[in-house]
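Below is upload13.pdb, holding PDB, C-alpha atoms.
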MODEL        1
ATOM      1  CA  MET A   1     132.831  78.614  92.434
ATOM      2  CA  LEU A   2     135.529  81.261  92.940
ATOM      3  CA  ARG A   3     137.062  80.334  89.586
ATOM      4  CA  HIS A   4     133.666  80.769  87.937
ATOM      5  CA  ILE A   5     133.167  84.208  89.508
ATOM      6  CA  ALA A   6     136.680  85.290  88.536
ATOM      7  CA  GLY A   7     136.034  84.158  84.970
ATOM      8  CA  ARG A   8     132.807  86.154  84.777
ATOM      9  CA  VAL A   9     134.496  89.269  86.157
ATOM     10  CA  LEU A  10     137.419  89.003  83.732
ATOM     11  CA  GLY A  11     135.008  88.411  80.870
ATOM     12  CA  ALA A  12     133.218  91.636  81.789
ATOM     13  CA  VAL A  13     136.330  93.759  81.237
ATOM     14  CA  PRO A  14     136.073  93.786  77.394
ATOM     15  CA  VAL A  15     132.356  94.572  77.698
ATOM     16  CA  VAL A  16     133.063  97.621  79.869
ATOM     17  CA  LEU A  17     135.787  98.795  77.476
ATOM     18  CA  LEU A  18     133.511  98.428  74.433
ATOM     19  CA  VAL A  19     130.664 100.269  76.171
ATOM     20  CA  ALA A  20     133.055 103.020  77.275
ATOM     21  CA  LEU A  21     134.405 103.354  73.738
ATOM     22  CA  GLY A  22     130.912 103.382  72.233
ATOM     23  CA  ILE A  23     129.431 106.020  74.530
ATOM     24  CA  PHE A  24     132.624 108.092  74.337
ATOM     25  CA  ALA A  25     132.451 108.113  70.536
ATOM     26  CA  LEU A  26     128.701 108.761  70.357
ATOM     27  CA  VAL A  27     128.826 111.700  72.748
ATOM     28  CA  ARG A  28     131.658 113.345  70.873
ATOM     29  CA  LEU A  29     130.212 112.649  67.422
ATOM     30  CA  ALA A  30     126.907 114.267  68.374
ATOM     31  CA  PRO A  31     126.323 117.621  66.690
ATOM     32  CA  GLY A  32     127.073 120.782  68.646
ATOM     33  CA  ASP A  33     129.780 121.876  71.026
ATOM     34  CA  ALA A  34     129.626 121.142  74.751
ATOM     35  CA  ALA A  35     131.481 124.342  75.645
ATOM     36  CA  SER A  36     129.088 126.474  73.598
ATOM     37  CA  THR A  37     126.045 124.705  75.054
ATOM     38  CA  LEU A  38     127.110 125.209  78.654
ATOM     39  CA  ALA A  39     128.529 128.694  78.275
ATOM     40  CA  ALA A  40     126.539 131.749  79.262
ATOM     41  CA  GLU A  41     124.489 133.476  76.582
ATOM     42  CA  ASP A  42     126.791 136.514  76.629
ATOM     43  CA  ALA A  43     129.999 134.432  76.514
ATOM     44  CA  THR A  44     132.561 135.513  73.963
ATOM     45  CA  GLU A  45     134.576 133.248  71.685
ATOM     46  CA  ALA A  46     137.516 133.696  74.037
ATOM     47  CA  ASP A  47     135.415 132.575  76.994
ATOM     48  CA  ILE A  48     134.249 129.478  75.105
ATOM     49  CA  ALA A  49     137.820 128.663  74.038
ATOM     50  CA  ARG A  50     138.942 129.016  77.667
ATOM     51  CA  MET A  51     136.225 126.641  78.818
ATOM     52  CA  ARG A  52     137.134 124.187  76.066
ATOM     53  CA  ALA A  53     140.775 124.211  77.180
ATOM     54  CA  GLN A  54     139.774 123.881  80.856
ATOM     55  CA  TRP A  55     137.782 120.716  80.165
ATOM     56  CA  GLY A  56     140.355 119.253  77.753
ATOM     57  CA  LEU A  57     138.004 119.436  74.787
ATOM     58  CA  ASP A  58     140.681 121.089  72.672
ATOM     59  CA  GLN A  59     142.810 117.929  72.715
ATOM     60  CA  PRO A  60     142.613 115.161  70.081
ATOM     61  CA  VAL A  61     139.839 112.633  70.652
ATOM     62  CA  LEU A  62     142.257 109.723  71.132
ATOM     63  CA  VAL A  63     144.091 111.666  73.840
ATOM     64  CA  GLN A  64     140.792 112.406  75.568
ATOM     65  CA  PHE A  65     139.837 108.720  75.415
ATOM     66  CA  PHE A  66     143.205 107.664  76.838
ATOM     67  CA  TYR A  67     142.776 109.985  79.827
ATOM     68  CA  PHE A  68     139.213 108.763  80.249
ATOM     69  CA  LEU A  69     140.331 105.104  80.449
ATOM     70  CA  LYS A  70     143.192 106.042  82.765
ATOM     71  CA  ASN A  71     140.779 107.747  85.139
ATOM     72  CA  LEU A  72     138.233 104.928  84.793
ATOM     73  CA  VAL A  73     140.776 102.398  86.099
ATOM     74  CA  ARG A  74     141.106 104.584  89.205
ATOM     75  CA  LEU A  75     137.280 104.860  89.426
ATOM     76  CA  ASP A  76     137.581 108.550  88.663
ATOM     77  CA  LEU A  77     134.767 109.559  86.308
ATOM     78  CA  GLY A  78     135.738 113.220  86.223
ATOM     79  CA  SER A  79     133.682 116.265  87.145
ATOM     80  CA  SER A  80     130.355 117.342  85.723
ATOM     81  CA  TYR A  81     130.402 120.380  83.440
ATOM     82  CA  ARG A  82     126.953 121.456  84.549
ATOM     83  CA  TYR A  83     126.910 120.658  88.263
ATOM     84  CA  HIS A  84     130.616 121.342  88.955
ATOM     85  CA  ALA A  85     130.842 118.258  91.176
ATOM     86  CA  PRO A  86     132.535 114.853  90.876
ATOM     87  CA  VAL A  87     130.497 112.516  88.693
ATOM     88  CA  ILE A  88     130.879 109.644  91.146
ATOM     89  CA  GLU A  89     129.270 111.761  93.890
ATOM     90  CA  LEU A  90     126.345 112.752  91.682
ATOM     91  CA  ILE A  91     125.779 109.114  90.743
ATOM     92  CA  GLY A  92     125.940 108.098  94.397
ATOM     93  CA  GLN A  93     123.315 110.697  95.300
ATOM     94  CA  ARG A  94     120.859 109.638  92.578
ATOM     95  CA  LEU A  95     121.432 105.865  92.423
ATOM     96  CA  PRO A  96     119.399 104.968  95.567
ATOM     97  CA  ALA A  97     116.258 106.553  94.092
ATOM     98  CA  THR A  98     116.622 104.504  90.905
ATOM     99  CA  ILE A  99     117.305 101.265  92.798
ATOM    100  CA  GLU A 100     114.326 101.891  95.078
ATOM    101  CA  LEU A 101     112.074 102.471  92.077
ATOM    102  CA  ALA A 102     113.371  99.432  90.173
ATOM    103  CA  VAL A 103     113.106  97.054  93.139
ATOM    104  CA  THR A 104     109.569  98.239  93.927
ATOM    105  CA  ALA A 105     108.566  97.763  90.295
ATOM    106  CA  LEU A 106     110.109  94.292  90.247
ATOM    107  CA  LEU A 107     108.287  93.304  93.441
ATOM    108  CA  ILE A 108     104.983  94.424  91.925
ATOM    109  CA  ALA A 109     105.686  92.626  88.647
ATOM    110  CA  THR A 110     106.834  89.419  90.364
ATOM    111  CA  ALA A 111     103.875  89.336  92.763
ATOM    112  CA  ILE A 112     101.492  89.491  89.799
ATOM    113  CA  ALA A 113     103.414  87.704  87.049
ATOM    114  CA  VAL A 114     104.626  84.524  88.766
ATOM    115  CA  PRO A 115     101.190  83.455  90.093
ATOM    116  CA  LEU A 116      99.700  84.411  86.724
ATOM    117  CA  GLY A 117     102.305  82.362  84.862
ATOM    118  CA  VAL A 118     101.774  79.326  87.092
ATOM    119  CA  ALA A 119      97.993  79.608  86.808
ATOM    120  CA  THR A 120      98.064  79.858  83.006
ATOM    121  CA  ALA A 121     100.456  76.886  82.814
ATOM    122  CA  LEU A 122      98.141  74.743  84.930
ATOM    123  CA  ARG A 123      95.191  75.778  82.751
ATOM    124  CA  LYS A 124      96.890  75.637  79.374
ATOM    125  CA  GLY A 125      94.494  76.410  76.527
ATOM    126  CA  SER A 126      91.807  77.879  78.779
ATOM    127  CA  TRP A 127      90.378  81.403  78.755
ATOM    128  CA  LEU A 128      92.821  82.306  81.555
ATOM    129  CA  ASP A 129      95.733  81.256  79.352
ATOM    130  CA  GLY A 130      94.399  83.433  76.548
ATOM    131  CA  LEU A 131      93.948  86.375  78.913
ATOM    132  CA  GLY A 132      97.518  85.938  80.159
ATOM    133  CA  SER A 133      98.815  85.952  76.580
ATOM    134  CA  LEU A 134      96.845  89.119  75.835
ATOM    135  CA  LEU A 135      98.224  90.871  78.918
ATOM    136  CA  ALA A 136     101.739  89.800  77.968
ATOM    137  CA  VAL A 137     101.396  91.268  74.475
ATOM    138  CA  LEU A 138      99.934  94.503  75.844
ATOM    139  CA  GLY A 139     102.673  94.831  78.439
ATOM    140  CA  VAL A 140     105.482  94.325  75.948
ATOM    141  CA  SER A 141     103.909  96.478  73.229
ATOM    142  CA  ALA A 142     102.785  99.516  75.241
ATOM    143  CA  PRO A 143     105.489 102.229  75.477
ATOM    144  CA  SER A 144     106.331 103.046  79.078
ATOM    145  CA  PHE A 145     105.963 106.803  78.565
ATOM    146  CA  TRP A 146     102.428 106.272  77.199
ATOM    147  CA  VAL A 147     101.464 104.063  80.144
ATOM    148  CA  GLY A 148     102.933 106.628  82.536
ATOM    149  CA  ILE A 149     101.083 109.529  80.958
ATOM    150  CA  LEU A 150      97.791 107.604  81.122
ATOM    151  CA  LEU A 151      98.331 106.813  84.795
ATOM    152  CA  VAL A 152      99.136 110.437  85.557
ATOM    153  CA  LEU A 153      96.077 111.585  83.619
ATOM    154  CA  PHE A 154      93.542 109.228  85.224
ATOM    155  CA  VAL A 155      94.917 108.272  88.640
ATOM    156  CA  SER A 156      96.458 111.629  89.540
ATOM    157  CA  GLY A 157      94.459 113.998  87.371
ATOM    158  CA  TYR A 158      90.886 112.723  87.267
ATOM    159  CA  LEU A 159      90.759 110.562  90.400
ATOM    160  CA  ASN A 160      93.325 112.510  92.455
ATOM    161  CA  LEU A 161      94.361 109.331  94.264
ATOM    162  CA  LEU A 162      98.156 109.404  94.060
ATOM    163  CA  PRO A 163     100.820 112.085  93.487
ATOM    164  CA  SER A 164     102.418 112.212  90.065
ATOM    165  CA  SER A 165     105.935 113.495  90.755
ATOM    166  CA  GLY A 166     108.807 113.383  93.222
ATOM    167  CA  ARG A 167     109.697 110.959  96.030
ATOM    168  CA  ILE A 168     108.221 112.806  99.020
ATOM    169  CA  PRO A 169     106.872 116.364  99.469
ATOM    170  CA  LEU A 170     109.703 118.899  99.593
ATOM    171  CA  ASP A 171     108.546 120.383 102.899
ATOM    172  CA  ILE A 172     108.854 117.054 104.767
ATOM    173  CA  PRO A 173     112.185 116.662 106.600
ATOM    174  CA  LEU A 174     113.774 113.220 106.457
ATOM    175  CA  ARG A 175     117.283 112.555 107.702
ATOM    176  CA  GLU A 176     119.161 110.598 105.052
ATOM    177  CA  MET A 177     120.701 107.366 106.313
ATOM    178  CA  THR A 178     120.708 104.884 103.434
ATOM    179  CA  GLY A 179     119.410 107.089 100.623
ATOM    180  CA  PHE A 180     116.262 104.971 100.317
ATOM    181  CA  VAL A 181     113.211 106.938 101.420
ATOM    182  CA  LEU A 182     111.119 103.910 102.382
ATOM    183  CA  ILE A 183     113.905 102.331 104.425
ATOM    184  CA  ASP A 184     115.022 105.592 106.073
ATOM    185  CA  SER A 185     111.484 106.471 107.102
ATOM    186  CA  LEU A 186     111.004 103.044 108.712
ATOM    187  CA  LEU A 187     114.372 103.184 110.480
ATOM    188  CA  GLN A 188     113.415 106.556 111.958
ATOM    189  CA  GLY A 189     109.912 105.435 112.895
ATOM    190  CA  GLN A 190     108.310 107.936 110.502
ATOM    191  CA  VAL A 191     105.262 105.943 109.436
ATOM    192  CA  GLY A 192     103.602 108.994 107.873
ATOM    193  CA  ILE A 193     106.646 109.696 105.688
ATOM    194  CA  PHE A 194     106.774 106.002 104.734
ATOM    195  CA  ARG A 195     103.150 106.173 103.632
ATOM    196  CA  GLN A 196     103.777 109.303 101.559
ATOM    197  CA  GLY A 197     106.904 107.773 100.030
ATOM    198  CA  LEU A 198     104.889 104.686  99.116
ATOM    199  CA  GLU A 199     102.186 106.838  97.526
ATOM    200  CA  HIS A 200     104.775 108.712  95.441
ATOM    201  CA  ILE A 201     106.514 105.562  94.200
ATOM    202  CA  LEU A 202     103.421 103.530  93.245
ATOM    203  CA  LEU A 203     102.650 105.182  89.888
ATOM    204  CA  PRO A 204     106.185 105.135  88.412
ATOM    205  CA  ALA A 205     106.757 101.631  89.807
ATOM    206  CA  ALA A 206     103.480 100.399  88.304
ATOM    207  CA  THR A 207     104.471 101.937  84.961
ATOM    208  CA  LEU A 208     107.781 100.061  84.967
ATOM    209  CA  ALA A 209     106.144  96.866  86.223
ATOM    210  CA  PHE A 210     103.512  96.855  83.465
ATOM    211  CA  GLY A 211     106.029  95.926  80.797
ATOM    212  CA  MET A 212     107.729  93.319  82.999
ATOM    213  CA  ILE A 213     104.589  91.428  83.999
ATOM    214  CA  GLY A 214     104.081  89.906  80.558
ATOM    215  CA  ILE A 215     107.716  88.806  80.206
ATOM    216  CA  ILE A 216     107.991  87.224  83.659
ATOM    217  CA  ALA A 217     104.560  85.594  83.318
ATOM    218  CA  ARG A 218     105.425  83.947  79.991
ATOM    219  CA  ILE A 219     108.777  82.684  81.274
ATOM    220  CA  SER A 220     107.060  81.325  84.403
ATOM    221  CA  ARG A 221     104.417  79.637  82.281
ATOM    222  CA  SER A 222     106.988  78.019  79.996
ATOM    223  CA  ALA A 223     109.126  76.871  82.927
ATOM    224  CA  VAL A 224     106.181  75.228  84.710
ATOM    225  CA  ILE A 225     104.981  73.532  81.497
ATOM    226  CA  ASP A 226     108.492  72.177  80.787
ATOM    227  CA  VAL A 227     108.903  70.831  84.321
ATOM    228  CA  GLY A 228     105.390  69.367  84.198
ATOM    229  CA  GLN A 229     106.476  67.078  81.370
ATOM    230  CA  GLU A 230     109.336  65.553  83.382
ATOM    231  CA  GLU A 231     109.040  61.942  84.532
ATOM    232  CA  PHE A 232     109.203  62.700  88.249
ATOM    233  CA  VAL A 233     106.142  64.970  87.950
ATOM    234  CA  VAL A 234     104.231  62.359  85.952
ATOM    235  CA  THR A 235     105.164  59.779  88.581
ATOM    236  CA  ALA A 236     103.993  62.058  91.411
ATOM    237  CA  VAL A 237     100.639  62.522  89.684
ATOM    238  CA  ALA A 238     100.355  58.776  89.052
ATOM    239  CA  LYS A 239     100.904  58.131  92.761
ATOM    240  CA  GLY A 240      97.783  60.127  93.495
ATOM    241  CA  LEU A 241      99.367  63.202  95.095
ATOM    242  CA  LYS A 242      97.086  66.180  95.328
ATOM    243  CA  ARG A 243      97.533  68.850  92.688
ATOM    244  CA  ARG A 244      98.519  71.457  95.268
ATOM    245  CA  GLU A 245     101.222  69.158  96.643
ATOM    246  CA  VAL A 246     102.576  68.426  93.162
ATOM    247  CA  VAL A 247     102.771  72.138  92.363
ATOM    248  CA  ARG A 248     104.360  73.113  95.701
ATOM    249  CA  SER A 249     106.827  70.238  96.063
ATOM    250  CA  HIS A 250     107.700  69.322  92.467
ATOM    251  CA  LEU A 251     106.764  71.949  89.892
ATOM    252  CA  LEU A 252     107.732  75.244  91.535
ATOM    253  CA  PRO A 253     111.092  74.215  93.093
ATOM    254  CA  ASN A 254     112.310  72.875  89.748
ATOM    255  CA  ALA A 255     110.996  75.846  87.746
ATOM    256  CA  THR A 256     112.709  78.471  89.891
ATOM    257  CA  VAL A 257     115.994  78.630  87.945
ATOM    258  CA  PRO A 258     114.623  80.230  84.730
ATOM    259  CA  ILE A 259     112.220  82.373  86.772
ATOM    260  CA  ILE A 260     114.983  83.729  89.018
ATOM    261  CA  THR A 261     117.197  84.250  85.971
ATOM    262  CA  ILE A 262     114.636  86.410  84.187
ATOM    263  CA  ILE A 263     113.822  88.301  87.392
ATOM    264  CA  GLY A 264     117.497  89.127  87.937
ATOM    265  CA  LEU A 265     117.981  90.215  84.333
ATOM    266  CA  GLU A 266     114.813  92.289  84.407
ATOM    267  CA  LEU A 267     116.068  94.127  87.503
ATOM    268  CA  GLY A 268     119.084  95.254  85.497
ATOM    269  CA  THR A 269     116.790  96.243  82.647
ATOM    270  CA  LEU A 270     114.559  98.218  85.018
ATOM    271  CA  ILE A 271     117.502 100.114  86.501
ATOM    272  CA  SER A 272     118.964 101.028  83.124
ATOM    273  CA  GLY A 273     115.616 101.441  81.368
ATOM    274  CA  SER A 274     113.848 103.730  83.811
ATOM    275  CA  ILE A 275     115.015 106.915  82.103
ATOM    276  CA  VAL A 276     111.740 107.767  80.376
ATOM    277  CA  VAL A 277     109.646 106.866  83.426
ATOM    278  CA  GLU A 278     111.821 108.990  85.703
ATOM    279  CA  VAL A 279     111.440 111.953  83.362
ATOM    280  CA  VAL A 280     107.653 111.516  83.104
ATOM    281  CA  PHE A 281     107.225 111.337  86.890
ATOM    282  CA  SER A 282     110.018 113.803  87.776
ATOM    283  CA  TRP A 283     111.666 111.037  89.766
ATOM    284  CA  PRO A 284     115.073 112.258  91.034
ATOM    285  CA  GLY A 285     117.028 109.179  90.012
ATOM    286  CA  LEU A 286     119.893 108.258  87.741
ATOM    287  CA  GLY A 287     117.706 108.179  84.630
ATOM    288  CA  SER A 288     116.528 111.772  84.966
ATOM    289  CA  LEU A 289     120.125 112.786  85.709
ATOM    290  CA  LEU A 290     121.242 111.079  82.475
ATOM    291  CA  TYR A 291     118.520 112.902  80.543
ATOM    292  CA  SER A 292     119.735 116.208  81.994
ATOM    293  CA  ALA A 293     123.341 115.325  81.161
ATOM    294  CA  VAL A 294     122.558 114.417  77.539
ATOM    295  CA  THR A 295     120.466 117.535  76.879
ATOM    296  CA  SER A 296     123.178 119.785  78.329
ATOM    297  CA  ARG A 297     126.036 117.949  76.573
ATOM    298  CA  ASP A 298     127.643 117.110  79.917
ATOM    299  CA  ILE A 299     130.140 114.602  78.536
ATOM    300  CA  PRO A 300     131.741 113.308  81.785
ATOM    301  CA  LEU A 301     128.363 112.873  83.473
ATOM    302  CA  THR A 302     126.794 111.132  80.456
ATOM    303  CA  THR A 303     129.723 108.756  80.044
ATOM    304  CA  GLY A 304     129.964 108.067  83.771
ATOM    305  CA  ILE A 305     126.285 107.173  84.111
ATOM    306  CA  VAL A 306     126.309 104.808  81.111
ATOM    307  CA  VAL A 307     129.450 103.056  82.391
ATOM    308  CA  SER A 308     127.789 102.783  85.818
ATOM    309  CA  TYR A 309     124.760 101.130  84.198
ATOM    310  CA  THR A 310     127.143  98.634  82.597
ATOM    311  CA  PHE A 311     128.785  97.800  85.933
ATOM    312  CA  ILE A 312     125.378  97.338  87.581
ATOM    313  CA  PHE A 313     124.138  95.018  84.841
ATOM    314  CA  ILE A 314     127.302  92.902  84.981
ATOM    315  CA  PHE A 315     127.102  92.714  88.787
ATOM    316  CA  LEU A 316     123.481  91.567  88.637
ATOM    317  CA  ASN A 317     124.336  88.898  86.047
ATOM    318  CA  VAL A 318     127.075  87.489  88.295
ATOM    319  CA  LEU A 319     124.717  87.653  91.297
ATOM    320  CA  VAL A 320     122.021  85.739  89.406
ATOM    321  CA  ASP A 321     124.608  83.093  88.504
ATOM    322  CA  LEU A 322     125.484  82.673  92.169
ATOM    323  CA  VAL A 323     121.857  82.505  93.276
ATOM    324  CA  TYR A 324     120.724  79.788  90.920
ATOM    325  CA  VAL A 325     123.896  77.765  91.479
ATOM    326  CA  LEU A 326     123.010  77.823  95.181
ATOM    327  CA  ILE A 327     119.384  76.813  94.672
ATOM    328  CA  ASP A 328     120.055  74.090  92.088
ATOM    329  CA  PRO A 329     122.634  71.482  93.222
ATOM    330  CA  ARG A 330     122.850  70.110  89.681
ATOM    331  CA  LEU A 331     124.631  73.298  88.566
ATOM    332  CA  ARG A 332     127.361  72.923  91.170
ATOM    333  CA  VAL A 333     128.941  69.964  89.392
ATOM    334  CA  GLY A 334     132.289  71.036  88.003
ATOM    335  CA  ARG A 335     132.170  74.414  89.793
ATOM    336  CA  THR A 336     133.212  73.391  93.273
TER
ENDMDL
END

Using C-alpha cells, write down the structure from this file.
Amino acid sequence: MLRHIAGRVLGAVPVVLLVALGIFALVRLAPGDAASTLAAEDATEADIARMRAQWGLDQPVLVQFFYFLKNLVRLDLGSSYRYHAPVIELIGQRLPATIELAVTALLIATAIAVPLGVATALRKGSWLDGLGSLLAVLGVSAPSFWVGILLVLFVSGYLNLLPSSGRIPLDIPLREMTGFVLIDSLLQGQVGIFRQGLEHILLPAATLAFGMIGIIARISRSAVIDVGQEEFVVTAVAKGLKRREVVRSHLLPNATVPIITIIGLELGTLISGSIVVEVVFSWPGLGSLLYSAVTSRDIPLTTGIVVSYTFIFIFLNVLVDLVYVLIDPRLRVGRT
C-alpha cells in the first residue's frame, strides 16, 4: 500500500512540473504588460520600469522560470502584485470557501444522482430511464453560467427566496475557526448564522451540482447494470431473494467502486471548475480570486492558484485510490 502511494506521488511530480511550465508560459505570452496594467494611471515610464525591476519582470523568461521552480520546491509561491501579500496566504484565506461550495454541490449531486442511477438501472428501457437520460444530457450540455444566471433571475429575482451573492451578510459577525462558515457557525452554536450560510450557498451549489447529476447518474446506472449481469446476482435472484435484498446486499456493495471513483474525481473537477459560478454568485473563493488575478495580470497569484488546483486534484486522486482499495478487498492483492 505504501509503495503504491509513493509511486502515485512520484508520478505526480512530472504532472506538476508540466502544469507549472504551461501556466508560466501562457501567462507571460499573454498580450500586455503586467507592470503597466497594475501601475497607477499617472505612472511614468520610469515608475513602470522600476516596478518591472522590483518584480523581476525585466529578467529573461528562463531565469524567471528557474526562480519560480526554486521557490515552488520550498512551497513559496511569491507575493501578489495586486494584493501585496504572500500568495500562499491568499490561497489559504479563499480555499475554504471553494471547498465548502464544492462539497455542498457534490452532496446535492450525489443525493440525487445515485438513487436516480440505481432506479433507472433497475427499470432499464422504461420512461424513468428515458427521463434520466434526458436529465443527464441537459446537465452536461447546459453551461454553468447560464444555469446560474437563470437561478439568480427566477429564484432570487422573481421569487425572492434565496440570496444571490456572498457567503453570509457582511454585517453578521462570525469568529473564524476553520474557515468554513457552516462548520464555524455550528461550532459556535450560531444556528441563525448557519441557516443564513445555508441559504447563501444553495444557489451556487445547485448550479455546480446540476452538471454533475447527469454524469454521476449515468455512471451509477452503468455500474449497477454491469453488476446485475454477474453470476452471483443471477444466483441470488434464482434463490428467490427479494428485490430489495438483492439490491442492498449484492448490487450496491459491488457497484460502489466506479461510483466512488467518479464522485472523487468530480470533487476535484468542482473545486477547479467553480470559477465561473463563483464569479456569477460573487462567491469569495479561489475561483473568483483566480479571475481577479487573470484580469489584473497578477502573475504570481495566477500561477500559484493553478498549481494549487493541480496539487488538490492529485491529492484527491490518491485519496480515491486509497478509499476504493479499502472497500474492495480484491484490489488489495499485490498491494499489501

Output check: residues returned by the PyMOL selection byres ((chain A and resi 98) around 8), as number ranges by chain: A: 94-97, 99-102, 271, 274, 284-287

Counting all atoms listed in the file, what is within 6 Å of range 223-228 of chain A, bar same-chain residues fewer than 3 positions away, as a list in words? Ala121, Ser220, Val233 and Ala255 of chain A

Can you write out as CSV which residues of range 264-334 of chain A fall within 9 Å of range 23-30 of chain A, alongside each residue's closest atom pair and its distance in Å to one decimal, counting all atoms listed in the file and ordering rows by chain and ascending residue number?
residue,atom,partner,partner_atom,distance
A:Val294,CA,A:Val27,CA,8.3
A:Arg297,CA,A:Val27,CA,7.8
A:Ile299,CA,A:Val27,CA,6.6
A:Thr302,CA,A:Val27,CA,8.0
A:Thr303,CA,A:Ile23,CA,6.2
A:Val306,CA,A:Ile23,CA,7.4
A:Val307,CA,A:Ile23,CA,8.4

Please, which residues are within 10 Å of (126.5, 109.5, 92.3) by the file's coordinates, counting only C-alpha atoms, and could they come as a ChimeraX atom specification? /A:85-96,285-286,289,301,304-305,308

Choose the residue, out of A:Pro258, A:Gly78, A:Gly166, A:Gly130, that has the smallest atom-to-atom separation from Leu202 in chain A; count only C-alpha atoms.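 Using only C-alpha atoms, the shortest distance to Leu202 in chain A belongs to A:Gly166.
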
Could you state the separation of CA of Leu151 in chain A and CA of Ile201 in chain A in Å, given to one decimal place?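 Atom-to-atom, CA of Leu151 in chain A to CA of Ile201 in chain A, that is 12.5 Å.
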
Written as a PyMOL selection string, what is the full residue list that the PyMOL selection byres ((chain A and resi 162) around 12) yields on the file shown? chain A and resi 151-161+163-168+195-204+206+281

Pick out the closest residue to Val73 in chain A from this set: A:Val16, A:Arg52, A:Ala236, A:Leu326. Count only C-alpha atoms. A:Val16

For the provided coordinates, the residues matched by the PyMOL selection byres ((chain A and resi 263-270) around 10) should be stated as a PyMOL selection string. chain A and resi 98-99+101-103+105-107+109-110+205+208-209+211-212+215-216+219+257-262+271-275+309-310+312-321+323

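Each of A:Ala6, A:Phe65, A:Trp55, A:Ser141 was compared to Ser80 in chain A using all atoms listed in the file, and A:Trp55 turns out to be the nearest.
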
Can you tell me, as a PyMOL selection string, what residues are no more than 12 Å from Met177 in chain A when counting all atoms listed in the file, ignoring any on the same chain fewer than 2 positions away? chain A and resi 93+96+174-175+179-188

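With distances restricted to all atoms listed in the file, A:Pro300 is the closest residue to Asp76 in chain A from A:Leu131, A:Pro300, A:Gly11, A:Leu290.
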
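We find CA of Thr178 in chain A and CA of Val279 in chain A to be spaced 23.2 Å apart.
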
Residue with smallest distance to Ala119 in chain A - pool A:Val246, A:Val191, A:Ala238, A:Ala217, counting only C-alpha atoms: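 For Ala119 in chain A, the nearest of the given residues is A:Ala217.
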
Between CA of Pro169 in chain A and CA of Ile213 in chain A, measure the distance and give it in Å to one decimal.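 CA of Ile213 in chain A lies at a distance of 29.4 Å from CA of Pro169 in chain A.
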
Could N, CA and C atoms be built for range 229-243 of chain A and written out as a JSON list (two decimals), in the coordinates of the input?
[["chain", "number", "residue", "atom", "x", "y", "z"],
["A", 229, "GLN", "N", 106.32, 68.20, 82.28],
["A", 229, "GLN", "CA", 106.48, 67.08, 81.37],
["A", 229, "GLN", "C", 107.57, 66.11, 81.81],
["A", 230, "GLU", "N", 108.27, 66.44, 82.90],
["A", 230, "GLU", "CA", 109.34, 65.55, 83.38],
["A", 230, "GLU", "C", 108.73, 64.30, 84.02],
["A", 231, "GLU", "N", 109.53, 63.23, 84.04],
["A", 231, "GLU", "CA", 109.04, 61.94, 84.53],
["A", 231, "GLU", "C", 108.70, 61.97, 86.01],
["A", 232, "PHE", "N", 109.47, 62.72, 86.81],
["A", 232, "PHE", "CA", 109.20, 62.70, 88.25],
["A", 232, "PHE", "C", 107.87, 63.37, 88.57],
["A", 233, "VAL", "N", 107.45, 64.34, 87.74],
["A", 233, "VAL", "CA", 106.14, 64.97, 87.95],
["A", 233, "VAL", "C", 105.03, 64.01, 87.54],
["A", 234, "VAL", "N", 105.22, 63.35, 86.41],
["A", 234, "VAL", "CA", 104.23, 62.36, 85.95],
["A", 234, "VAL", "C", 104.08, 61.23, 86.98],
["A", 235, "THR", "N", 105.20, 60.83, 87.57],
["A", 235, "THR", "CA", 105.16, 59.78, 88.58],
["A", 235, "THR", "C", 104.41, 60.25, 89.83],
["A", 236, "ALA", "N", 104.67, 61.51, 90.23],
["A", 236, "ALA", "CA", 103.99, 62.06, 91.41],
["A", 236, "ALA", "C", 102.48, 62.10, 91.19],
["A", 237, "VAL", "N", 102.07, 62.48, 89.99],
["A", 237, "VAL", "CA", 100.64, 62.52, 89.68],
["A", 237, "VAL", "C", 100.06, 61.11, 89.68],
["A", 238, "ALA", "N", 100.83, 60.17, 89.12],
["A", 238, "ALA", "CA", 100.36, 58.78, 89.05],
["A", 238, "ALA", "C", 100.21, 58.16, 90.44],
["A", 239, "LYS", "N", 101.01, 58.65, 91.39],
["A", 239, "LYS", "CA", 100.90, 58.13, 92.76],
["A", 239, "LYS", "C", 99.68, 58.65, 93.49],
["A", 240, "GLY", "N", 99.00, 59.61, 92.89],
["A", 240, "GLY", "CA", 97.78, 60.13, 93.50],
["A", 240, "GLY", "C", 97.98, 61.33, 94.39],
["A", 241, "LEU", "N", 99.15, 61.99, 94.30],
["A", 241, "LEU", "CA", 99.37, 63.20, 95.10],
["A", 241, "LEU", "C", 98.40, 64.29, 94.67],
["A", 242, "LYS", "N", 97.98, 65.08, 95.64],
["A", 242, "LYS", "CA", 97.09, 66.18, 95.33],
["A", 242, "LYS", "C", 97.79, 67.21, 94.43],
["A", 243, "ARG", "N", 96.98, 67.89, 93.64],
["A", 243, "ARG", "CA", 97.53, 68.85, 92.69],
["A", 243, "ARG", "C", 98.32, 69.94, 93.40]]
